[in-house]
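Single-structure report; data block below.
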Protein chains: 2
Amino acid sequence: MKLTILGCFSASPSKDRFPTAQILEIGGTNILIDCGEGTQIQLRRCGIKFNSIEHVFISHLHGDHFFGLPGLISTFRLLGRTKPLNIYGPIGIKKAITLLLKLGNSWTNYDLIFNELEDSESVKLLDKKNFSVHSIPLNHRVYTNGFLFKEINLESKLLIDVALRLGIDKTQFSGIKIGKDGITNEGKTIDNFKLTEPKSKDITYAYCSDTSFYPQIIDLIKNCDVLYHESTFLDSHSDLAEKTKHSTAKQAAEIAKLADVKKLILGHFSSRYKNLNDFQSQAKEIFNNVELAYDGKVFNF
Amino acid sequence: MKLTILGCFSASPSKDRFPTAQILEIGGTNILIDCGEGTQIQLRRCGIKFNSIEHVFISHLHGDHFFGLPGLISTFRLLGRTKPLNIYGPIGIKKAITLLLKLGNSWTNYDLIFNELEDSESVKLLDKKNFSVHSIPLNHRVYTNGFLFKEINLESKLLIDVALRLGIDKTQFSGIKIGKDGITNEGKTIDNFKLTEPKSKDITYAYCSDTSFYPQIIDLIKNCDVLYHESTFLDSHSDLAEKTKHSTAKQAAEIAKLADVKKLILGHFSSRYKNLNDFQSQAKEIFNNVELAYDGKVFNF
């Protein structure tokens, strides 16, 4: 997977701090996760092709996660998009987008496929051959979901030298990668496990923003490879975190530790903080492998 | 008046081309005219204090003139605004904003005062002591108004030397500026016209975007000091202008000439044009005093 952070700040956009939006490249497609105001600007800055986006997942309907979507939908139309756009978000999102398009008499000439969410339990949202998406119900001031993305590794790695040495023709290679046995030039069958390395493990990415400290998500994100968890506040503002149902850097790290994830990425920083280093140092007191998001940053995993 | 161009391009925002928004400083207050996505970013870039904005005029409900408003309203709330915000725009604007705030459970703690427009004739929208605003019905794909702003010069310029020489006390000066006669130390009355220069003329600014070539507006904007007129296209795309109900640079200049305005500002450029100089040269074939808008440009008049 390749994760591009388009914006990782809370609340309002400014010249150099954009609200939440991310592009996740998974299973050969691009998924947009949240869409704060100005997402279009950041897509251009980061060189993401607009037409590569097939799915949009909106965590909740606060403006800093959602107010860029109407404009993006209009831009897709102006760019001549024809393929459908799949939108997953809280119930109400269809009514809002539909009203805005109606008022502007700006119906899209491509299909908008809305998948409105209202479950309080995790549900499977997308089930493709090589990746899946589940919701992660969070605890915020309005109905909010995080999302768990799993890339399923379908192919084994072929041991090319072994196959060629045994006299197996190249035309069989794609079949062997997905589990077929090989046949030598002499017609002898070679077991698949002798021609391949074991499949590498599936990769999981959990996106959790916005939420208070909420250990109920632990089972859903257990052992995941990368966890993006919001950390709007530092320890000095833990009272504000509680009041606004956000998390501190330490609370995000506590979730990462309890879920035993491999890596934690922190984001959704309040714009009151000019220097973000304390987010990392406070989180590291609890969980070691932590990185800070910044607008434009790319993570490969 | 002081006009700050926050954005002057049509359609989608990009890193260095923002959709339509302007700040007009008039009669001691700031008015926001249209509010495309990213207006907040441009307000910060141009050093406009958010709390200085008292009125917002939205010409029509296409995204490039409107999709920045929900986020701006949210930011006002986050910044602790208490004074009301007056919003003037096409009927439907209240429903749209209200729905978005409701979905995010983000009601403002200041009053939003909506003034929804649906007249096809020009109406007076605001009538203050020292300025007024009228609508200018335009001809676009959806219901659209331009706006005519008039700053009324209430005070005459006091001839201080004359007043002091005649023995008129300083305490009378503010009264003389608004038309009262002066009384000398000896009790003699001096006519106001002997103590002041004639009042300077009222200043008018007409904002006309988006519209096809529409001479029906001429009477409304006749002799105005500054006309901002959209010019989405160059002559080479006059077919597109007709089809999309926009104007070319030459058509904007024709309107300026017919209305006998003092200065024409062109804006709302299609992003297909990399070099904008042709807009000026094509307009100058018809009307000489023409300037191009650009994001961040300030006009004083």
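Labeling convention for the structure tokens: chains A, B, ... as they appear, residues from 1 per chain, ligands from 1 in order of appearance.
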
Rows by chain and residue number, chain A within 6 Å of chain B, shortest pair, only C-alpha atoms, as a tab-separated table:
```
residue	atom	partner	partner_atom	distance
A:Ser14	CA	B:Ile41	CA	4.6
A:Lys15	CA	B:Ile41	CA	5.3
A:Gly38	CA	B:Gly38	CA	5.9
A:Ile41	CA	B:Ser14	CA	4.6
A:Leu61	CA	B:Gly104	CA	5.0
A:His62	CA	B:Gly104	CA	4.7
A:Gly104	CA	B:His62	CA	4.7
```

Just the selected residues (C-alpha atoms), exported as an mmCIF file, in the first residue's frame, please.
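Final output, saved to selection-v9.cif:
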```cif
data_model
loop_
_atom_site.group_PDB
_atom_site.id
_atom_site.type_symbol
_atom_site.label_atom_id
_atom_site.label_comp_id
_atom_site.auth_asym_id
_atom_site.auth_seq_id
_atom_site.Cartn_x
_atom_site.Cartn_y
_atom_site.Cartn_z
ATOM 1 C CA SER A 14 -4.746 27.663 5.828
ATOM 2 C CA LYS A 15 -1.988 28.262 3.319
ATOM 3 C CA GLY A 38 -8.942 22.205 -0.294
ATOM 4 C CA ILE A 41 -5.493 21.648 -4.264
ATOM 5 C CA LEU A 61 -19.837 14.899 8.519
ATOM 6 C CA HIS A 62 -17.775 17.574 10.256
ATOM 7 C CA GLY A 104 -26.374 24.510 -8.807
#
```

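Every protein or nucleic acid residue with an atom no more than 10 Å from Lys257 of chain A, counting only C-alpha atoms and leaving out same-chain residues fewer than 2 positions away, appears here: Ile218, Lys222, Asn223, Gln251, Ala252, Ala253, Glu254, Ile255, Ala259, Asp260, Val261, Lys262, Lys263, Leu264, Ile286, Phe287, Asn288 and Asn289 of chain A.
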
| field | Contact residues around Ile58 of chain B with only C-alpha atoms at 9 Å, ignoring same-chain residues under 2 positions, as a ChimeraX atom specification | value | /B:32-35,56,60-61,65-66,87-90,93,144-146

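On all C-alpha atoms, the superposed RMSD for chain B relative to chain A stands at 0.1 Å.
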
| query | With distances taken over only C-alpha atoms, which of B:Leu138, B:Glu291, B:Asp169, B:Phe233 is nearest to Ser120 of chain B? | reply | B:Leu138

| field | Exercise: Ser238 of chain A partners within 10 Å, only C-alpha atoms, chain neighbours under 5 positions left out, as a ChimeraX atom specification | value | /A:232-233,243-244,246-251

| message | I need the residues in segment 132-237 of chain B that are alpha helix (DSSP H) according to DSSP; give them as a list in words. | response | Ile160, Asp161, Val162, Ala163, Leu164, Arg165, Phe173, Ser174, Gly175, Ile176, Lys177, Asn192, Phe193, Lys194, Leu195, Ile218, Asp219, Leu220 and Ile221 of chain B

| Interatomic distance (Å, one decimal) between atom CA of Ile183 of chain A and atom CA of Ile152 of chain A | 27.2 Å
